[in-house]
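protein33.txt (compact mmCIF, C-alpha atoms) appears below.
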# COMPACT_ATOMS: atom_id res chain seq x y z
CA MET U 1 17.48 19.92 -25.91
CA GLU U 2 19.65 19.30 -22.88
CA VAL U 3 18.69 16.80 -20.24
CA GLU U 4 18.43 18.28 -16.75
CA GLN U 5 21.33 17.26 -14.51
CA GLN U 6 20.00 14.89 -11.85
CA PRO U 7 21.40 14.94 -8.29
CA ARG U 8 23.79 12.16 -7.35
CA LEU U 9 22.13 9.65 -5.05
CA SER U 10 23.70 8.07 -1.96
CA SER U 11 24.35 4.33 -2.22
CA TYR U 12 22.97 4.04 1.33
CA ARG U 13 19.50 4.46 -0.18
CA TRP U 14 19.45 0.72 -0.89
CA VAL U 15 19.78 0.00 2.84
CA ILE U 16 16.84 2.32 3.48
CA LEU U 17 14.76 0.69 0.74
CA THR U 18 15.55 -2.84 1.94
CA ILE U 19 14.54 -2.19 5.54
CA VAL U 20 11.37 -0.27 4.61
CA CYS U 21 10.25 -2.98 2.16
CA LEU U 22 10.99 -5.80 4.62
CA MET U 23 8.93 -3.99 7.24
CA ASP U 24 6.08 -3.67 4.74
CA VAL U 25 6.34 -7.37 3.86
CA THR U 26 6.09 -8.12 7.59
CA SER U 27 3.15 -5.79 8.20
CA ASN U 28 1.11 -7.42 5.42
CA TYR U 29 2.27 -10.87 6.54
CA ILE U 30 1.02 -10.26 10.08
CA GLN U 31 -2.24 -8.65 8.96
CA PHE U 32 -3.17 -11.49 6.63
CA GLN U 33 -2.01 -14.24 8.99
CA ILE U 34 -5.48 -14.09 10.45
CA SER U 35 -6.87 -14.96 7.03
CA ALA U 36 -4.48 -17.88 6.52
CA LEU U 37 -5.27 -19.23 10.00
CA ALA U 38 -9.00 -18.42 9.95
CA THR U 39 -10.23 -22.00 10.42
CA GLN U 40 -8.24 -22.29 13.65
CA ILE U 41 -8.77 -18.75 14.95
CA MET U 42 -12.54 -18.40 14.56
CA PRO U 43 -13.53 -21.37 16.79
CA VAL U 44 -11.06 -20.38 19.51
CA LEU U 45 -12.26 -16.77 19.66
CA HIS U 46 -15.92 -17.78 19.09
CA ILE U 47 -16.38 -15.13 16.42
CA SER U 48 -18.73 -14.71 13.46
CA THR U 49 -17.74 -14.08 9.85
CA ALA U 50 -18.53 -10.37 10.28
CA GLN U 51 -16.31 -10.18 13.37
CA PHE U 52 -13.55 -12.00 11.50
CA SER U 53 -13.74 -9.40 8.70
CA SER U 54 -13.50 -6.64 11.31
CA LEU U 55 -10.33 -8.17 12.72
CA LEU U 56 -8.82 -8.49 9.25
CA MET U 57 -9.43 -4.80 8.49
CA ALA U 58 -8.51 -3.49 11.97
CA PRO U 59 -4.80 -2.75 11.28
CA MET U 60 -5.72 -0.74 8.17
CA LEU U 61 -8.41 1.35 9.86
CA VAL U 62 -5.82 2.86 12.21
CA ALA U 63 -4.57 4.85 9.22
CA VAL U 64 -7.84 6.78 9.02
CA PHE U 65 -7.12 8.48 12.34
CA LEU U 66 -3.34 8.37 12.49
CA SER U 67 -2.13 9.24 8.98
CA ILE U 68 -2.27 13.04 9.11
CA PRO U 69 -0.82 13.50 12.62
CA ALA U 70 1.83 10.86 11.89
CA GLY U 71 2.89 12.63 8.71
CA SER U 72 2.99 16.06 10.33
CA LEU U 73 4.99 14.80 13.31
CA ALA U 74 7.47 13.19 10.91
CA ASP U 75 7.81 16.51 9.07
CA LYS U 76 8.69 18.16 12.39
CA PHE U 77 10.77 15.51 14.18
CA GLY U 78 11.87 13.19 11.35
CA ALA U 79 10.34 9.94 10.14
CA LYS U 80 12.80 7.75 12.05
CA LYS U 81 11.69 8.89 15.51
CA VAL U 82 7.96 8.75 14.75
CA VAL U 83 8.11 5.30 13.14
CA THR U 84 10.24 4.04 16.06
CA VAL U 85 7.52 5.01 18.54
CA GLY U 86 4.98 3.26 16.32
CA CYS U 87 7.11 0.11 16.24
CA VAL U 88 7.18 -0.08 20.05
CA ILE U 89 3.38 0.05 20.21
CA SER U 90 3.00 -2.42 17.34
CA ILE U 91 5.41 -4.95 18.83
CA VAL U 92 3.29 -5.02 21.99
CA GLY U 93 0.19 -5.57 19.88
CA ALA U 94 1.82 -8.28 17.76
CA TYR U 95 3.00 -10.30 20.75
CA GLY U 96 -0.28 -9.57 22.52
CA ARG U 97 -2.11 -11.72 19.95
CA ILE U 98 -0.60 -14.74 21.67
CA ILE U 99 -2.63 -14.17 24.83
CA ALA U 100 -5.76 -12.69 23.18
CA ASN U 101 -8.61 -15.09 23.93
CA SER U 102 -11.62 -13.00 22.91
CA PHE U 103 -12.82 -10.85 20.03
CA GLY U 104 -12.42 -7.62 22.02
CA MET U 105 -8.90 -8.38 23.19
CA MET U 106 -7.78 -9.46 19.71
CA MET U 107 -9.28 -6.28 18.24
CA VAL U 108 -7.27 -4.14 20.67
CA MET U 109 -4.05 -6.01 19.83
CA LEU U 110 -4.56 -5.69 16.09
CA LEU U 111 -5.35 -1.98 16.38
CA MET U 112 -2.11 -1.54 18.35
CA PHE U 113 -0.24 -3.53 15.72
CA GLY U 114 -1.63 -1.28 12.99
CA VAL U 115 0.04 1.81 14.46
CA TYR U 116 3.45 1.34 12.80
CA MET U 117 1.77 0.22 9.56
CA ALA U 118 -0.08 3.53 9.36
CA ILE U 119 2.95 5.64 10.28
CA LEU U 120 5.32 3.86 7.89
CA SER U 121 2.92 3.90 4.93
CA THR U 122 2.20 7.58 5.49
CA ASN U 123 5.87 8.52 5.44
CA THR U 124 7.21 6.37 2.59
CA ILE U 125 6.67 9.26 0.18
CA LYS U 126 8.84 11.47 2.41
CA ILE U 127 11.49 8.80 3.07
CA PHE U 128 11.86 7.74 -0.55
CA GLY U 129 11.63 11.30 -1.84
CA ILE U 130 14.60 12.34 0.30
CA TRP U 131 16.75 9.32 -0.52
CA PHE U 132 15.72 8.51 -4.12
CA LYS U 133 14.69 11.95 -5.42
CA GLN U 134 14.14 11.56 -9.19
CA ASP U 135 13.87 7.78 -8.73
CA THR U 136 11.19 7.94 -6.04
CA ASN U 137 8.68 6.16 -8.27
CA LEU U 138 11.02 3.15 -8.54
CA ALA U 139 11.29 2.90 -4.76
CA MET U 140 7.52 3.25 -4.40
CA GLY U 141 7.10 0.43 -6.92
CA MET U 142 9.23 -1.87 -4.79
CA PHE U 143 7.24 -0.82 -1.72
CA PHE U 144 3.95 -1.63 -3.46
CA ALA U 145 5.33 -5.00 -4.55
CA SER U 146 6.42 -5.86 -1.01
CA ALA U 147 2.78 -5.82 0.13
CA SER U 148 1.91 -8.59 -2.34
CA ILE U 149 4.92 -10.60 -1.17
CA GLY U 150 3.76 -10.37 2.45
CA ILE U 151 0.23 -11.49 1.63
CA THR U 152 1.47 -14.37 -0.51
CA LEU U 153 3.93 -15.57 2.15
CA SER U 154 1.23 -15.52 4.82
CA GLN U 155 -0.93 -17.84 2.72
CA ILE U 156 1.95 -20.18 1.87
CA THR U 157 3.43 -20.50 5.36
CA GLY U 158 0.19 -20.51 7.36
CA PRO U 159 -0.21 -24.32 7.38
CA LEU U 160 3.47 -24.89 8.24
CA PHE U 161 3.27 -23.82 11.90
CA SER U 162 2.49 -26.29 14.68
CA SER U 163 -0.03 -23.90 16.24
CA VAL U 164 -1.54 -20.44 15.92
CA LYS U 165 0.59 -19.23 18.84
CA ALA U 166 3.74 -20.48 17.11
CA ALA U 167 2.75 -18.54 13.98
CA TYR U 168 2.15 -15.40 16.03
CA MET U 169 5.46 -15.80 17.88
CA PHE U 170 7.40 -16.13 14.62
CA SER U 171 5.91 -13.09 12.90
CA SER U 172 6.12 -10.94 16.04
CA THR U 173 9.80 -11.77 16.46
CA VAL U 174 10.48 -10.89 12.83
CA LEU U 175 8.86 -7.50 13.47
CA LEU U 176 10.99 -7.06 16.60
CA VAL U 177 14.22 -7.80 14.70
CA LEU U 178 13.30 -5.44 11.87
CA SER U 179 12.39 -2.72 14.36
CA VAL U 180 15.87 -3.02 15.85
CA CYS U 181 17.30 -2.73 12.33
CA TRP U 182 15.18 0.39 11.83
CA VAL U 183 16.64 2.02 14.95
CA LEU U 184 20.22 1.04 14.09
CA PHE U 185 20.38 1.69 10.36
CA ILE U 186 17.67 4.12 9.24
CA LYS U 187 18.71 7.75 8.70
CA ASP U 188 16.36 10.64 7.99
CA ALA U 189 18.56 12.07 5.23
CA PRO U 190 21.84 11.42 3.40
CA LYS U 191 25.00 12.75 5.04
CA GLY U 192 25.49 16.44 4.33
CA GLU U 193 21.96 17.10 3.13
CA LYS U 194 20.34 20.07 4.80
CA VAL U 195 17.22 19.39 6.86
CA PRO U 196 14.54 22.13 6.58
CA PRO U 197 14.05 24.15 9.80
CA SER U 198 11.32 22.87 12.09
CA GLU U 199 7.91 24.55 12.12
CA PRO U 200 4.74 24.09 14.22
CA VAL U 201 2.85 20.88 13.43
CA THR U 202 -0.23 22.91 12.47
CA LYS U 203 1.81 24.66 9.74
CA TYR U 204 2.72 21.33 8.12
CA ILE U 205 -0.91 20.19 8.17
CA SER U 206 -2.17 23.53 6.87
CA VAL U 207 0.18 23.58 3.89
CA ALA U 208 -0.67 20.00 2.89
CA ILE U 209 -4.43 20.48 3.23
CA LYS U 210 -4.32 23.51 0.92
CA SER U 211 -2.61 21.54 -1.87
CA LYS U 212 -5.32 20.68 -4.41
CA LYS U 213 -3.00 18.36 -6.31
CA THR U 214 -2.34 16.35 -3.14
CA TRP U 215 -6.09 15.81 -2.74
CA LEU U 216 -6.35 14.68 -6.37
CA VAL U 217 -3.62 12.09 -5.75
CA ALA U 218 -5.30 11.01 -2.51
CA ILE U 219 -8.72 10.51 -4.08
CA ALA U 220 -7.32 8.77 -7.15
CA SER U 221 -5.22 6.43 -4.99
CA GLY U 222 -8.22 5.66 -2.80
CA ILE U 223 -10.48 4.86 -5.75
CA GLY U 224 -7.80 2.67 -7.33
CA GLN U 225 -7.15 0.79 -4.09
CA ALA U 226 -10.90 0.38 -3.52
CA ALA U 227 -11.34 -1.20 -6.95
CA SER U 228 -8.36 -3.50 -6.35
CA MET U 229 -9.44 -4.55 -2.84
CA SER U 230 -13.03 -5.13 -3.92
CA PHE U 231 -11.81 -7.21 -6.86
CA THR U 232 -9.36 -9.24 -4.77
CA GLY U 233 -11.93 -9.86 -2.06
CA ILE U 234 -14.74 -11.05 -4.34
CA LEU U 235 -12.71 -12.96 -6.97
CA PRO U 236 -12.39 -16.39 -5.24
CA GLN U 237 -16.07 -16.30 -4.26
CA ALA U 238 -17.14 -15.33 -7.79
CA LEU U 239 -15.06 -18.11 -9.32
CA THR U 240 -16.45 -20.71 -6.90
CA ASN U 241 -20.10 -19.68 -6.78
CA GLY U 242 -20.49 -18.17 -10.23
CA LYS U 243 -18.15 -20.24 -12.38
CA THR U 244 -18.27 -23.47 -10.31
CA VAL U 245 -14.49 -23.53 -9.87
CA PRO U 246 -13.43 -25.68 -6.87
CA ALA U 247 -12.45 -23.56 -3.86
CA ALA U 248 -8.80 -24.69 -3.89
CA SER U 249 -8.47 -23.97 -7.61
CA ALA U 250 -10.21 -20.60 -7.22
CA GLY U 251 -7.61 -19.52 -4.68
CA ALA U 252 -4.78 -20.58 -6.95
CA MET U 253 -6.32 -18.76 -9.91
CA ALA U 254 -6.79 -15.61 -7.84
CA SER U 255 -3.10 -15.68 -6.93
CA VAL U 256 -2.27 -15.18 -10.62
CA ALA U 257 -3.65 -11.64 -10.36
CA THR U 258 -1.60 -11.07 -7.19
CA ILE U 259 1.60 -12.22 -8.90
CA GLY U 260 0.78 -9.99 -11.86
CA SER U 261 0.35 -7.04 -9.47
CA LEU U 262 3.71 -7.76 -7.88
CA LEU U 263 5.47 -7.72 -11.25
CA GLY U 264 3.56 -4.64 -12.38
CA ALA U 265 4.53 -2.66 -9.28
CA MET U 266 8.19 -3.66 -9.70
CA PHE U 267 8.64 -3.02 -13.41
CA GLY U 268 5.86 -0.60 -14.39
CA PRO U 269 7.40 2.50 -12.79
CA ALA U 270 10.80 1.71 -14.36
CA ILE U 271 9.24 1.53 -17.84
CA ILE U 272 7.09 4.64 -17.43
CA GLY U 273 9.99 6.56 -15.89
CA LYS U 274 12.09 6.20 -19.05
CA LEU U 275 9.58 8.12 -21.16
CA LYS U 276 9.47 11.86 -21.75
CA LYS U 277 5.78 11.89 -20.86
CA ALA U 278 4.26 9.54 -18.30
CA LYS U 279 0.56 10.34 -18.74
CA PRO U 280 -0.16 8.51 -22.01
CA LEU U 281 1.27 5.19 -20.82
CA MET U 282 -0.21 5.53 -17.32
CA ILE U 283 -3.68 6.07 -18.79
CA THR U 284 -3.16 3.19 -21.21
CA PHE U 285 -2.16 0.85 -18.38
CA ILE U 286 -5.17 1.92 -16.31
CA ALA U 287 -7.55 1.35 -19.25
CA ILE U 288 -6.11 -2.11 -20.02
CA SER U 289 -6.40 -3.14 -16.37
CA ALA U 290 -10.00 -1.91 -16.09
CA PHE U 291 -11.00 -3.73 -19.28
CA ALA U 292 -9.35 -6.94 -18.03
CA MET U 293 -11.28 -6.57 -14.74
CA PHE U 294 -14.54 -6.21 -16.66
CA LEU U 295 -13.79 -9.28 -18.83
CA VAL U 296 -13.21 -11.65 -15.88
CA TRP U 297 -16.85 -12.66 -15.66
CA TYR U 298 -17.09 -13.35 -19.39
CA ALA U 299 -13.76 -15.13 -19.92
CA PRO U 300 -14.03 -18.94 -20.08
CA VAL U 301 -12.40 -20.84 -17.23
CA GLY U 302 -8.92 -21.96 -18.25
CA GLY U 303 -6.01 -20.34 -20.02
CA VAL U 304 -7.99 -17.34 -21.26
CA LEU U 305 -9.18 -16.45 -17.75
CA LEU U 306 -5.70 -16.89 -16.28
CA LEU U 307 -4.21 -14.65 -18.96
CA ASP U 308 -6.89 -12.04 -18.30
CA LEU U 309 -6.17 -12.12 -14.55
CA ALA U 310 -2.42 -11.82 -15.14
CA ILE U 311 -2.88 -8.85 -17.49
CA GLY U 312 -5.26 -7.13 -15.08
CA GLY U 313 -2.85 -7.48 -12.18
CA LEU U 314 0.21 -6.54 -14.21
CA PHE U 315 -1.16 -3.33 -15.68
CA GLY U 316 -3.30 -2.45 -12.66
CA ALA U 317 -0.31 -2.08 -10.34
CA ALA U 318 2.00 -0.31 -12.79
CA ALA U 319 0.69 3.26 -12.41
CA GLY U 320 -0.14 3.36 -8.68
CA PRO U 321 3.41 3.83 -7.35
CA ILE U 322 4.04 6.69 -9.77
CA LEU U 323 0.77 8.38 -8.84
CA GLN U 324 1.56 8.40 -5.12
CA SER U 325 5.20 9.40 -5.57
CA MET U 326 4.11 12.53 -7.45
CA VAL U 327 3.20 14.27 -4.19
CA ILE U 328 6.76 15.13 -3.22
CA SER U 329 7.36 16.75 -6.63
CA PHE U 330 4.61 19.34 -6.11
CA PRO U 331 6.28 22.76 -5.54
CA GLU U 332 4.07 23.53 -2.55
CA ILE U 333 4.93 20.20 -0.87
CA GLY U 334 8.49 19.00 -1.52
CA PRO U 335 10.37 16.95 1.11
CA LYS U 336 9.51 19.47 3.85
CA TYR U 337 5.76 18.81 3.81
CA ALA U 338 5.77 15.33 2.26
CA GLY U 339 4.87 13.59 5.52
CA SER U 340 1.73 15.67 5.99
CA ALA U 341 0.80 15.22 2.33
CA GLY U 342 1.38 11.49 2.70
CA GLY U 343 -0.96 11.60 5.69
CA ILE U 344 -3.73 13.03 3.55
CA VAL U 345 -3.13 10.36 0.93
CA GLY U 346 -3.10 7.62 3.59
CA MET U 347 -6.26 8.79 5.35
CA THR U 348 -8.25 9.34 2.16
CA SER U 349 -7.06 6.10 0.55
CA THR U 350 -8.00 4.04 3.59
CA LEU U 351 -11.45 5.62 3.88
CA LEU U 352 -12.26 5.12 0.21
CA SER U 353 -10.80 1.61 0.03
CA TRP U 354 -13.10 0.65 2.91
CA ALA U 355 -16.27 2.52 1.89
CA LEU U 356 -16.40 2.01 -1.89
CA PRO U 357 -16.28 -1.84 -1.84
CA VAL U 358 -19.16 -1.76 0.66
CA ILE U 359 -21.13 0.48 -1.72
CA VAL U 360 -20.35 -1.79 -4.68
CA SER U 361 -21.55 -4.85 -2.74
CA SER U 362 -24.70 -3.03 -1.64
CA ILE U 363 -25.59 -2.05 -5.20
CA ALA U 364 -24.72 -5.31 -6.96
CA GLY U 365 -25.44 -7.95 -4.31
CA LYS U 366 -24.43 -11.30 -5.82
CA ASN U 367 -24.68 -10.11 -9.41
CA TYR U 368 -21.05 -10.84 -10.22
CA ALA U 369 -21.21 -9.38 -13.73
CA LEU U 370 -22.38 -6.05 -12.28
CA ILE U 371 -19.78 -6.20 -9.48
CA PHE U 372 -16.91 -6.58 -11.94
CA MET U 373 -18.36 -3.84 -14.14
CA LEU U 374 -18.58 -1.39 -11.23
CA GLN U 375 -15.05 -2.27 -10.16
CA ALA U 376 -13.84 -1.62 -13.70
CA ILE U 377 -15.61 1.75 -13.75
CA LEU U 378 -13.94 2.73 -10.47
CA SER U 379 -10.57 1.62 -11.81
CA VAL U 380 -10.77 3.49 -15.12
CA SER U 381 -12.06 6.65 -13.39
CA THR U 382 -8.60 7.14 -11.87
CA ALA U 383 -7.40 8.06 -15.36
CA LEU U 384 -9.40 11.30 -15.09
CA PHE U 385 -7.31 12.30 -12.09
CA VAL U 386 -4.11 11.45 -13.93
CA LEU U 387 -5.23 13.78 -16.72
CA ALA U 388 -5.87 16.59 -14.22
CA LEU U 389 -2.44 16.26 -12.56
CA PRO U 390 0.95 17.44 -13.91
CA ASP U 391 2.89 14.88 -15.88
CA ALA U 392 4.93 12.70 -13.52
CA ASN U 393 8.01 12.97 -15.74
CA LYS U 394 7.94 16.72 -16.28
CA ASN U 395 10.98 17.32 -14.06
CA ARG U 396 13.04 14.85 -16.08
CA ARG U 397 13.28 17.20 -19.01
CA GLN U 398 14.06 20.86 -19.48

Here is a file; write its structure as structure tokens.
Amino acid sequence: MEVEQQPRLSSYRWVILTIVCLMDVTSNYIQFQISALATQIMPVLHISTAQFSSLLMAPMLVAVFLSIPAGSLADKFGAKKVVTVGCVISIVGAYGRIIANSFGMMMVMLLMFGVYMAILSTNTIKIFGIWFKQDTNLAMGMFFASASIGITLSQITGPLFSSVKAAYMFSSTVLLVLSVCWVLFIKDAPKGEKVPPSEPVTKYISVAIKSKKTWLVAIASGIGQAASMSFTGILPQALTNGKTVPAASAGAMASVATIGSLLGAMFGPAIIGKLKKAKPLMITFIAISAFAMFLVWYAPVGGVLLLDLAIGGLFGAAAGPILQSMVISFPEIGPKYAGSAGGIVGMTSTLLSWALPVIVSSIAGKNYALIFMLQAILSVSTALFVLALPDANKNRRQ
């Protein structure tokens, strides 16, 4: 059996990947700065815990409304132009945090900041699919890992700044510099590669909406992200209130899962991509992660719990990048409609990752054993969608 000849990839793809990942690190860094600086921000803005949570989620919620139009516009005009416009709006919002002195004003600034986040996340499938082709899942893995790096850096560096305004100024300037790099160095396609002829925006949206497989990926991604976000959000509280772990130690223990996720996103796609069939290992990874999530409440505090958290994070993040990168391989989508398809994935994922944790909390209350069980059920249910989709490695063999 002959192996299908793979297209030769441009070495410039590493420049594209570096800039996109650095921008994702920065977007997560800025979003979670408000968490790292919460004790200083809340008294100044005179906000409640509920209002604080609203501010934390504000940049993500932009994706609900912006993902589909952003993806379709990128299909028509190219991702570079659309993301550039988003960067201009987001830079204004990022710097605007410095003068925001009320809940309403800060909400507006964070919503503005979230514009480029939504546009970039929506179009990574398109960008990486064009530049990395058969290795798109590897690029998506690095992109997933960059989010964890941004969150971790925000927590580490938060206390190092002399003031909240100094922290805002630093992160906003980093975004400005990276936006300039985006304009100067990002290209929509490798030199010599033909760009599909432009069509009406409604045509791009229509084609993507009719793709059943795209919806399966979108729902599966949303459920998986919901389980992960719910788990990450409740873990420190569960360790402190339920297992009597000191707050400082609980945060450090929770970071073990984050580090595991970072490694899983980086190396999982590379391992799965070497196999003839991706489904069996993807489903195995999902099952191991879900079981580890379920065991958290029952594992004794110490080495066993830390190992369980590391395993859950490691295997939980391994399949996600491959799942999302599948969209561009669907015959009805391809690079031409990948932005619009990415918009559907972005919108659906954001909605589900916001709504499902709320439902879990409403059902379980402070019953931590039930919370972790429901999160595990959500996580393992994504395997059903993997079963229903084509094998991610089918195009690697003849």

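CA of Ala247 in chain U to CA of Gly312 in chain U spans 21.2 Å [interatomic distance, one decimal].
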
Counting only C-alpha atoms, the residue of U:Leu389, U:Met109, U:Met23, U:Ile271 that sits nearest Tyr168 in chain U: U:Met109

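When CA of Thr350 in chain U is paired with CA of Thr214 in chain U, their separation reads 15.1 Å.
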
Residue contacts of Phe103 in chain U (12 Å, all atoms listed in the file) excluding same-chain residues fewer than 3 positions away, as a ChimeraX atom specification: /U:41-56,58,97,99-100,106-110

Using all atoms listed in the file, which protein or nucleic acid residues come within 9 Å of range 218-229 of chain U? Drop anything in the same chain fewer than 3 positions from it, and give the result as a ChimeraX atom specification. /U:213-215,232-234,313,316,320,323-324,341-342,344-357,374-386

I want to know what sits within 8 Å of Ile311 in chain U, based on all atoms listed in the file, with residues of the same chain fewer than 6 positions away left out; could you give that as a PyMOL selection string? chain U and resi 257+260+288-289+292

Using all atoms listed in the file for the distances, tell me which of U:Leu184, U:Ile209, U:Ile151, U:Leu305 is nearest to Thr258 in chain U. U:Ile151

Check which residues of range 82-176 of chain U sit at most 10 Å from range 331-340 of chain U using only C-alpha atoms, and return one row each with the closest pair of atoms and their distance in Å to one decimal, ordered by chain and rising number, as JSON lines.
{"residue": "U:Ile119", "atom": "CA", "partner": "U:Gly339", "partner_atom": "CA", "distance": 9.5}
{"residue": "U:Ser121", "atom": "CA", "partner": "U:Gly339", "partner_atom": "CA", "distance": 9.9}
{"residue": "U:Thr122", "atom": "CA", "partner": "U:Gly339", "partner_atom": "CA", "distance": 6.6}
{"residue": "U:Asn123", "atom": "CA", "partner": "U:Gly339", "partner_atom": "CA", "distance": 5.2}
{"residue": "U:Thr124", "atom": "CA", "partner": "U:Gly339", "partner_atom": "CA", "distance": 8.1}
{"residue": "U:Ile125", "atom": "CA", "partner": "U:Ala338", "partner_atom": "CA", "distance": 6.5}
{"residue": "U:Lys126", "atom": "CA", "partner": "U:Ala338", "partner_atom": "CA", "distance": 4.9}
{"residue": "U:Ile127", "atom": "CA", "partner": "U:Pro335", "partner_atom": "CA", "distance": 8.5}
{"residue": "U:Phe128", "atom": "CA", "partner": "U:Pro335", "partner_atom": "CA", "distance": 9.5}
{"residue": "U:Gly129", "atom": "CA", "partner": "U:Pro335", "partner_atom": "CA", "distance": 6.5}
{"residue": "U:Ile130", "atom": "CA", "partner": "U:Pro335", "partner_atom": "CA", "distance": 6.3}
{"residue": "U:Lys133", "atom": "CA", "partner": "U:Pro335", "partner_atom": "CA", "distance": 9.3}

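The gap separating CA of Met57 in chain U from CA of Ala118 in chain U is 12.6 Å, in Å to one decimal.
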
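Residues with any atom within 9 Å of Ile371 in chain U, counting all atoms listed in the file and excluding same-chain neighbours fewer than 2 positions away, are Ser230, Phe231, Ile234, Phe294, Val360, Ser361, Ile363, Ala364, Gly365, Lys366, Asn367, Tyr368, Ala369, Met373, Leu374, Gln375 and Ala376 of chain U.
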
Name the residues in contact with Ala147 in chain U at a cut-off of 6 Å, using all atoms listed in the file, excluding same-chain residues fewer than 3 positions from it; report them as JSON, numbers by chain. {"U": [25, 28, 144, 150]}

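In this comparison, which uses all atoms listed in the file, the residue of U:Ser255, U:Val85, U:Ala319, U:Ser146 approaching Ala287 in chain U most closely is U:Ala319.
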
So which residues fall inside 12 Å of (11.6, 15.6, 12.1) if we count all atoms listed in the file? Mind giving them as a ChimeraX atom specification? /U:70-83,123,126-127,187-189,195-201,204,335-340

Calculated over only C-alpha atoms, which of the candidates U:Ile205, U:Val296, U:Val62, U:Val183 has the smallest distance to Cys87 in chain U? U:Val183

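If you measure from each of U:Thr240, U:Leu160, U:Leu387, U:Lys212 to Ile286 in chain U using only C-alpha atoms, the closest one turns out to be U:Leu387.
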
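Minimum atom-to-atom distance to Val115 in chain U, evaluated using all atoms listed in the file, belongs to U:Pro59 out of U:Pro390, U:Pro59, U:Gly96, U:Gly242.
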
Please write as a count of residues only the list of polymer residues whose atoms come within 12 Å of (8.7, -3.0, -1.3), counting all atoms listed in the file and keeping to the coordinates of the file. 37
